[in-house]
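One file, final_9.cif, carrying mmCIF, C-alpha atoms and all ligand atoms:
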```
data_work
loop_
_atom_site.label_atom_id
_atom_site.label_comp_id
_atom_site.auth_asym_id
_atom_site.auth_seq_id
_atom_site.Cartn_x
_atom_site.Cartn_y
_atom_site.Cartn_z
CA MET O 6 119.05 115.11 103.61
CA LEU O 7 117.47 112.58 101.26
CA GLU O 8 120.02 111.75 98.57
CA ARG O 9 117.76 109.89 96.15
CA LEU O 10 115.02 111.27 93.91
CA THR O 11 113.10 108.11 93.20
CA LEU O 12 112.50 104.68 94.73
CA ASP O 13 112.98 101.76 92.36
CA CYS O 14 110.14 99.26 92.84
CA ALA O 15 111.23 96.62 90.30
CA GLY O 16 111.29 99.20 87.52
CA HIS O 17 108.26 101.16 88.75
CA ARG O 18 109.90 104.39 89.94
CA LEU O 19 108.15 106.29 92.71
CA PRO O 20 108.96 109.98 93.17
CA LEU O 21 110.41 110.97 96.53
CA ASP O 22 109.90 114.73 96.24
CA ARG O 23 106.65 114.50 98.23
CA PRO O 24 105.48 112.12 100.98
CA LEU O 25 103.99 108.95 99.52
CA ILE O 26 100.95 107.18 100.94
CA MET O 27 101.09 103.42 101.47
CA GLY O 28 97.56 102.10 101.93
CA VAL O 29 97.19 99.05 104.19
CA LEU O 30 95.42 95.99 102.78
CA ASN O 31 95.23 93.25 105.42
CA VAL O 32 93.97 89.99 103.95
CA THR O 33 93.85 88.46 107.41
CA PRO O 34 91.09 87.35 109.77
CA ASP O 35 92.77 88.91 112.83
CA SER O 36 94.58 92.22 112.13
CA PHE O 37 94.29 94.62 115.05
CA SER O 38 92.11 97.27 113.41
CA ASP O 39 90.47 95.70 110.36
CA GLY O 40 90.87 91.92 110.77
CA GLY O 41 88.39 89.95 108.67
CA ARG O 42 87.02 92.93 106.74
CA PHE O 43 89.02 92.27 103.57
CA ALA O 44 89.92 88.61 103.99
CA GLY O 45 87.83 87.58 100.96
CA ARG O 46 89.52 88.06 97.58
CA GLU O 47 86.76 90.17 96.06
CA SER O 48 86.48 92.49 99.04
CA ALA O 49 90.28 92.82 99.20
CA ILE O 50 90.52 93.89 95.57
CA ALA O 51 87.58 96.27 95.89
CA HIS O 52 89.18 97.84 98.96
CA ALA O 53 92.52 98.23 97.18
CA CYS O 54 90.78 100.02 94.28
CA ARG O 55 89.12 102.33 96.81
CA LEU O 56 92.51 103.08 98.43
CA VAL O 57 93.99 103.93 95.02
CA ALA O 58 91.04 106.21 94.20
CA ASP O 59 91.56 107.88 97.58
CA GLY O 60 95.19 108.67 96.77
CA ALA O 61 97.38 105.70 97.72
CA ASP O 62 100.75 105.50 95.92
CA ILE O 63 101.49 101.98 97.17
CA ILE O 64 99.21 99.13 98.34
CA ASP O 65 100.76 97.01 101.10
CA VAL O 66 99.28 93.51 101.09
CA GLY O 67 99.71 91.50 104.29
CA GLY O 68 98.55 87.97 105.07
CA GLU O 69 99.90 87.63 108.61
CA SER O 70 98.90 89.86 111.49
CA THR O 71 101.86 91.19 113.46
CA ARG O 72 99.82 92.66 116.30
CA PRO O 73 101.24 91.98 119.78
CA GLY O 74 100.56 88.37 120.73
CA ALA O 75 99.83 87.21 117.17
CA GLU O 76 100.67 83.61 116.29
CA PRO O 77 102.68 82.93 113.11
CA VAL O 78 100.69 81.86 110.02
CA PRO O 79 101.82 78.68 108.17
CA LEU O 80 103.57 79.29 104.86
CA ASP O 81 100.89 77.68 102.65
CA GLU O 82 98.16 79.70 104.27
CA GLU O 83 100.02 82.99 103.87
CA LEU O 84 100.78 82.23 100.20
CA GLU O 85 97.13 81.36 99.62
CA ARG O 86 95.99 84.63 101.20
CA VAL O 87 98.31 87.09 99.49
CA ILE O 88 99.51 85.76 96.11
CA PRO O 89 96.16 85.74 94.23
CA VAL O 90 95.42 89.25 95.53
CA ILE O 91 98.85 90.57 94.48
CA ALA O 92 98.50 88.97 91.04
CA ALA O 93 95.07 90.57 90.57
CA LEU O 94 96.23 93.97 91.78
CA HIS O 95 99.23 93.87 89.47
CA THR O 96 96.85 94.03 86.53
CA GLU O 97 94.01 96.03 88.11
CA VAL O 98 95.73 99.00 89.73
CA ASP O 99 98.33 101.38 88.42
CA VAL O 100 100.27 101.84 91.66
CA ALA O 101 103.11 99.86 93.20
CA VAL O 102 102.13 96.77 95.17
CA SER O 103 104.07 95.82 98.28
CA VAL O 104 104.06 92.53 100.17
CA ASP O 105 104.13 92.69 103.97
CA THR O 106 105.89 89.48 104.92
CA SER O 107 108.89 88.06 106.75
CA LYS O 108 109.01 84.73 104.89
CA PRO O 109 111.51 84.44 102.01
CA GLU O 110 109.20 82.04 100.12
CA VAL O 111 106.34 84.56 100.24
CA MET O 112 108.70 87.35 99.15
CA ARG O 113 109.82 85.32 96.13
CA ALA O 114 106.29 84.33 95.07
CA ALA O 115 104.95 87.86 95.61
CA VAL O 116 107.60 89.45 93.41
CA ALA O 117 106.93 86.81 90.73
CA ALA O 118 103.23 87.77 90.95
CA GLY O 119 104.04 91.45 90.43
CA ALA O 120 104.94 92.98 93.81
CA GLY O 121 107.41 95.86 93.46
CA MET O 122 108.24 96.17 97.13
CA ILE O 123 109.08 93.80 99.97
CA ASN O 124 108.09 95.13 103.38
CA ASP O 125 109.59 93.04 106.18
CA VAL O 126 108.69 93.90 109.79
CA ASN O 127 111.37 91.38 110.81
CA GLY O 128 114.09 93.41 109.07
CA LEU O 129 115.23 90.53 106.79
CA ARG O 130 116.45 88.48 109.77
CA ALA O 131 114.88 85.18 108.67
CA PRO O 132 117.41 82.81 107.11
CA GLY O 133 117.47 83.48 103.35
CA ALA O 134 115.35 86.66 103.50
CA MET O 135 118.27 88.97 102.78
CA ASP O 136 119.31 86.99 99.69
CA VAL O 137 115.77 86.71 98.29
CA ALA O 138 115.16 90.43 98.82
CA ALA O 139 118.52 91.32 97.26
CA GLY O 140 117.95 89.17 94.18
CA SER O 141 114.36 90.31 93.65
CA GLY O 142 114.82 93.69 91.97
CA ALA O 143 112.08 95.01 94.26
CA ALA O 144 112.34 97.89 96.70
CA VAL O 145 112.98 96.66 100.25
CA CYS O 146 111.60 98.19 103.42
CA VAL O 147 113.71 97.11 106.38
CA MET O 148 111.90 97.54 109.70
CA HIS O 149 113.23 97.31 113.24
CA MET O 150 111.51 95.04 115.74
CA GLN O 151 112.75 93.89 119.13
CA GLY O 152 111.77 90.23 119.62
CA SER O 153 108.82 88.70 117.75
CA PRO O 154 105.11 89.68 117.66
CA ARG O 155 104.23 86.92 120.14
CA SER O 156 106.35 88.41 122.91
CA MET O 157 107.61 91.83 121.77
CA GLN O 158 105.45 93.97 124.07
CA LYS O 159 106.25 91.98 127.24
CA GLN O 160 109.24 93.98 128.45
CA PRO O 161 110.99 95.87 125.69
CA GLN O 162 114.30 97.30 126.88
CA TYR O 163 116.89 99.60 125.34
CA ARG O 164 119.80 101.63 126.64
CA ASP O 165 119.29 104.22 123.87
CA VAL O 166 116.36 103.32 121.64
CA VAL O 167 117.17 105.79 118.84
CA ALA O 168 120.84 104.78 118.65
CA GLU O 169 120.03 101.05 118.75
CA VAL O 170 117.37 101.26 116.05
CA VAL O 171 119.62 103.38 113.81
CA ALA O 172 122.51 100.93 114.35
CA PHE O 173 120.35 97.90 113.43
CA LEU O 174 118.93 99.54 110.30
CA SER O 175 122.30 100.79 109.20
CA GLY O 176 123.80 97.28 109.64
CA GLN O 177 121.02 95.68 107.55
CA THR O 178 121.51 98.40 104.91
CA GLU O 179 125.23 97.61 104.71
CA ALA O 180 124.39 93.93 104.25
CA LEU O 181 121.99 94.74 101.40
CA LEU O 182 124.51 97.02 99.69
CA ALA O 183 127.16 94.29 100.04
CA ARG O 184 124.79 91.94 98.15
CA GLY O 185 124.63 94.43 95.29
CA VAL O 186 121.31 96.12 96.11
CA ALA O 187 121.28 99.64 94.64
CA SER O 188 120.73 102.33 97.24
CA ASP O 189 117.58 103.54 95.43
CA ARG O 190 115.82 100.30 96.42
CA ILE O 191 116.16 100.73 100.19
CA VAL O 192 113.61 102.13 102.67
CA LEU O 193 114.08 102.21 106.46
CA ASP O 194 111.43 102.02 109.18
CA PRO O 195 111.93 102.34 112.97
CA GLY O 196 108.97 100.01 113.59
CA PHE O 197 106.58 101.93 115.83
CA GLY O 198 104.91 99.59 118.33
CA PHE O 199 107.16 96.62 117.56
CA GLY O 200 108.89 95.86 120.87
CA LYS O 201 108.61 99.43 122.15
CA THR O 202 106.93 101.11 125.11
CA LEU O 203 105.10 104.41 124.72
CA GLU O 204 108.27 106.22 125.84
CA HIS O 205 110.36 104.35 123.26
CA ASN O 206 107.87 105.24 120.52
CA ILE O 207 107.91 108.91 121.48
CA ALA O 208 111.71 109.00 121.56
CA LEU O 209 111.86 107.36 118.14
CA PHE O 210 109.31 109.75 116.68
CA ARG O 211 111.25 112.73 117.99
CA GLY O 212 114.44 111.11 116.69
CA LEU O 213 113.18 110.56 113.14
CA SER O 214 115.74 113.05 111.82
CA ALA O 215 118.57 110.82 113.12
CA LEU O 216 117.18 107.99 110.99
CA ALA O 217 116.60 110.26 107.99
CA ALA O 218 120.25 111.33 108.30
CA LEU O 219 121.28 107.88 107.00
CA GLY O 220 120.11 109.24 103.63
CA TYR O 221 117.40 106.66 102.82
CA PRO O 222 113.66 107.22 102.59
CA VAL O 223 111.99 106.65 105.97
CA LEU O 224 108.64 104.86 106.29
CA VAL O 225 106.45 105.67 109.29
CA GLY O 226 103.58 103.41 110.37
CA VAL O 227 101.62 104.72 113.34
CA SER O 228 98.12 104.45 111.89
CA ARG O 229 95.52 103.43 114.53
CA LYS O 230 98.27 101.97 116.74
CA SER O 231 98.08 101.75 120.52
CA LEU O 232 100.59 104.57 120.79
CA ILE O 233 97.91 106.88 119.35
CA GLY O 234 95.28 105.36 121.66
CA SER O 235 97.52 105.87 124.71
CA LEU O 236 98.26 109.49 123.86
CA LEU O 237 94.51 110.14 123.63
CA GLY O 238 93.62 108.63 127.01
CA ASN O 239 93.25 104.98 125.95
CA ARG O 240 90.99 105.53 122.98
CA PRO O 241 89.68 102.36 121.30
CA VAL O 242 91.05 101.47 117.88
CA THR O 243 87.82 102.68 116.22
CA ASP O 244 88.41 106.23 117.47
CA ARG O 245 92.01 106.98 116.51
CA LEU O 246 91.55 108.61 113.10
CA MET O 247 92.37 112.21 113.99
CA GLY O 248 95.31 111.21 116.16
CA SER O 249 96.67 108.99 113.40
CA VAL O 250 96.41 111.69 110.76
CA ALA O 251 97.99 114.31 113.05
CA ALA O 252 100.93 111.99 113.72
CA ALA O 253 101.29 111.22 110.01
CA MET O 254 101.47 114.95 109.24
CA LEU O 255 104.13 115.47 111.89
CA ALA O 256 106.09 112.57 110.44
CA ALA O 257 105.86 114.06 106.95
CA HIS O 258 106.99 117.40 108.33
CA ALA O 259 109.95 115.67 109.99
CA GLY O 260 110.98 114.21 106.62
CA ALA O 261 109.24 110.83 106.39
CA SER O 262 108.98 109.73 102.75
CA ILE O 263 106.30 107.05 103.08
CA LEU O 264 103.29 107.07 105.41
CA ARG O 265 101.74 103.63 105.98
CA VAL O 266 98.07 104.28 106.75
CA HIS O 267 94.61 102.70 106.84
CA ASP O 268 92.77 105.99 106.25
CA VAL O 269 94.13 107.05 102.88
CA ARG O 270 91.61 109.71 101.93
CA GLU O 271 91.97 111.65 105.18
CA THR O 272 95.77 111.41 105.00
CA ALA O 273 95.82 112.58 101.38
CA ASP O 274 93.62 115.58 102.22
CA SER O 275 95.87 116.55 105.10
CA LEU O 276 99.01 116.19 103.00
CA ALA O 277 97.45 118.47 100.36
CA ILE O 278 96.91 121.13 103.01
CA LEU O 279 100.42 120.64 104.36
CA ALA O 280 101.86 121.06 100.86
CA ALA O 281 99.79 124.17 100.14
CA LEU O 282 100.16 125.96 103.46
CA GLY O 283 103.44 124.57 104.77
CA GLU O 284 106.64 126.59 104.60
CA GLN O 285 107.38 125.76 100.96
CA GLY O 286 103.84 126.60 99.81
CA ILE O 287 103.88 130.00 101.49
CA GLY O 288 107.31 130.77 100.02
CA GLU O 289 106.00 129.96 96.56
CA ALA O 290 102.83 132.04 96.87
N1 LIG P 301 102.88 97.99 111.03
C1 LIG P 301 102.05 96.92 110.88
C2 LIG P 301 102.27 96.02 109.83
N2 LIG P 301 103.28 96.19 108.95
N3 LIG P 301 105.10 97.47 108.16
C3 LIG P 301 105.93 98.51 108.30
N4 LIG P 301 106.92 98.71 107.42
N5 LIG P 301 105.78 99.42 109.31
C4 LIG P 301 104.79 99.29 110.25
O1 LIG P 301 104.72 100.14 111.16
C5 LIG P 301 103.90 98.18 110.14
C6 LIG P 301 104.09 97.27 109.07
C7 LIG P 301 100.91 96.71 111.82
O2 LIG P 301 99.72 97.28 111.34
P1 LIG P 301 98.54 96.46 110.60
O3 LIG P 301 99.05 95.87 109.33
O4 LIG P 301 97.36 97.32 110.44
O5 LIG P 301 98.12 95.36 111.65
P2 LIG P 301 98.35 93.79 111.75
O6 LIG P 301 99.83 93.57 111.91
O7 LIG P 301 97.57 93.39 112.96
O8 LIG P 301 97.86 93.16 110.47
#
```
As structure tokens - that is how I would like this structure written.
Ligand code: HH2
Amino acid sequence: MLERLTLDCAGHRLPLDRPLIMGVLNVTPDSFSDGGRFAGRESAIAHACRLVADGADIIDVGGESTRPGAEPVPLDEELERVIPVIAALHTEVDVAVSVDTSKPEVMRAAVAAGAGMINDVNGLRAPGAMDVAAGSGAAVCVMHMQGSPRSMQKQPQYRDVVAEVVAFLSGQTEALLARGVASDRIVLDPGFGFGKTLEHNIALFRGLSALAALGYPVLVGVSRKSLIGSLLGNRPVTDRLMGSVAAAMLAAHAGASILRVHDVRETADSLAILAALGEQGIGEA
């Protein structure tokens, strides 16, 4: 189904013949599962190096929490949080660095500091975001979100969640292509937990193949999210590891190309088993 063999991250080409692991690096005081743990520059860089050693292919640096109810972070503050870390990682680690932002100014500065991917939970809807992303040379992950973090979980509503998410992502893809973005720079993400009820999330997960059918790599981010907690009888965020890894493996099996996770080592181990004992591995034995 996937038509492309590599993802172009500003010249750093990532292979797409196996699921890639995107390790989460939140340089925020308030992220839902690890807020404050890596907010200092030294601890952020040390954690990124640990994620790379554990098997991350991409490090996703975010300076603004997008958990339900989160307040927006002022531009200067977000720049101050993420740019020095991205600049340091550009020289210190040998994997692609992604910036998790919805602000065009942060996108531009992050790419100048060495980011090879722009990851926008707002799907490039901010004025100017589409043009900055298009002109950057970086890979672009376009995510679907209904509403904004402050209010998105209040009463999300869809007539057909899979069809509506696919239509939004395909429209944004057309707009990127029209601005001259090569198709090997585009990644699509249905946005689990962003303006979706548990039922919406389940429908989207089961409908991943409809999204993959657009022909672009699909990113899945379910790590430690409340959807996992709900499916396990309202488990706290500290006790969602096994559920997160199981969901990531199912996503990989359904064709996801990038898994955005906090627990890189456990995900990498599970992917190794999937590769060795999954259908292809047995056929090759
Ligand atoms: N989820 C989060 C943040 N960024 N980006 C993409 N493409 N897909 C996702 O599912 C996604 C994302 C939320 O997780 P986290 O970064 O751990 O939390 P917070 O937003 O509270 O910092």
### Task
Extract, using only C-alpha atoms, all DNA, RNA and protein residues at most 9 Å from region 24-33 of chain O, discarding same-chain residues fewer than 4 positions from it, and format them as a count of residues only.
46
### Query
Do you have the atom N2 of ligand LIG 301 (chain P)-CA of Gly283 (chain O) distance handy?
28.7 Å
### Task
Using all atoms listed in the file, pick whichever of O:Val98, O:Ala281, O:Met112, O:Ala75 has the shortest atom-to-atom distance to ligand LIG 301 (chain P).
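With all atoms listed in the file as the atom set, the closest residue is O:Ala75.
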### Task
Can you pull out every residue within 8 Å of region 218-233 of chain O, counting only C-alpha atoms, but drop anything in the same chain fewer than 4 positions away, and send it as a ChimeraX atom specification?
/O:6-9,21,38,146,175,188,191-198,203,206,214,237,239-240,242-243,245-246,248-250,252-253,256,260-268
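Across the model, the gap from CA of Lys201 (chain O) to atom P1 of ligand LIG 301 (chain P) is 15.6 Å.
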#### Entry: Length of the CA of Leu209 (chain O) to CA of Ile123 (chain O) vector [Å]
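Separation between CA of Leu209 (chain O) and CA of Ile123 (chain O): 22.8 Å.
Proximity to ligand LIG 301 (chain P) was assessed for O:Ala115, O:Val166, O:Ala183, O:Phe210 counting all atoms listed in the file; the smallest distance is recorded for O:Phe210.
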### O:Val104, O:Ala208, O:Ala168, O:Cys54 ranked by distance to ligand LIG 301 (chain P), top pick (using all atoms listed in the file)
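Smallest distance to ligand LIG 301 (chain P) is found for O:Val104.
Closest approach to ligand LIG 301 (chain P) from the set O:Thr96, O:Ser107, O:Gln160, O:Ser48 is made by O:Ser107, with distances taken over all atoms listed in the file.
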### Summary
Across O:Arg18, O:Arg72, O:Lys108, O:His149, the smallest distance to ligand LIG 301 (chain P), with all atoms listed in the file counted, is shown by O:Arg72
### Best match for closeness to Val116 (chain O) among O:Arg55, O:Arg164, O:Gly74, O:Cys14, counting all atoms listed in the file
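Smallest separation from Val116 (chain O) among the options: O:Cys14.
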### Query
Which residues, written as an MDAnalysis selection string, have at least one atom at most 10 Å from Gly152 (chain O), with only C-alpha atoms counted and residues fewer than 6 positions away on the same chain left out?
chainID O and resid 127 158:161 199:200
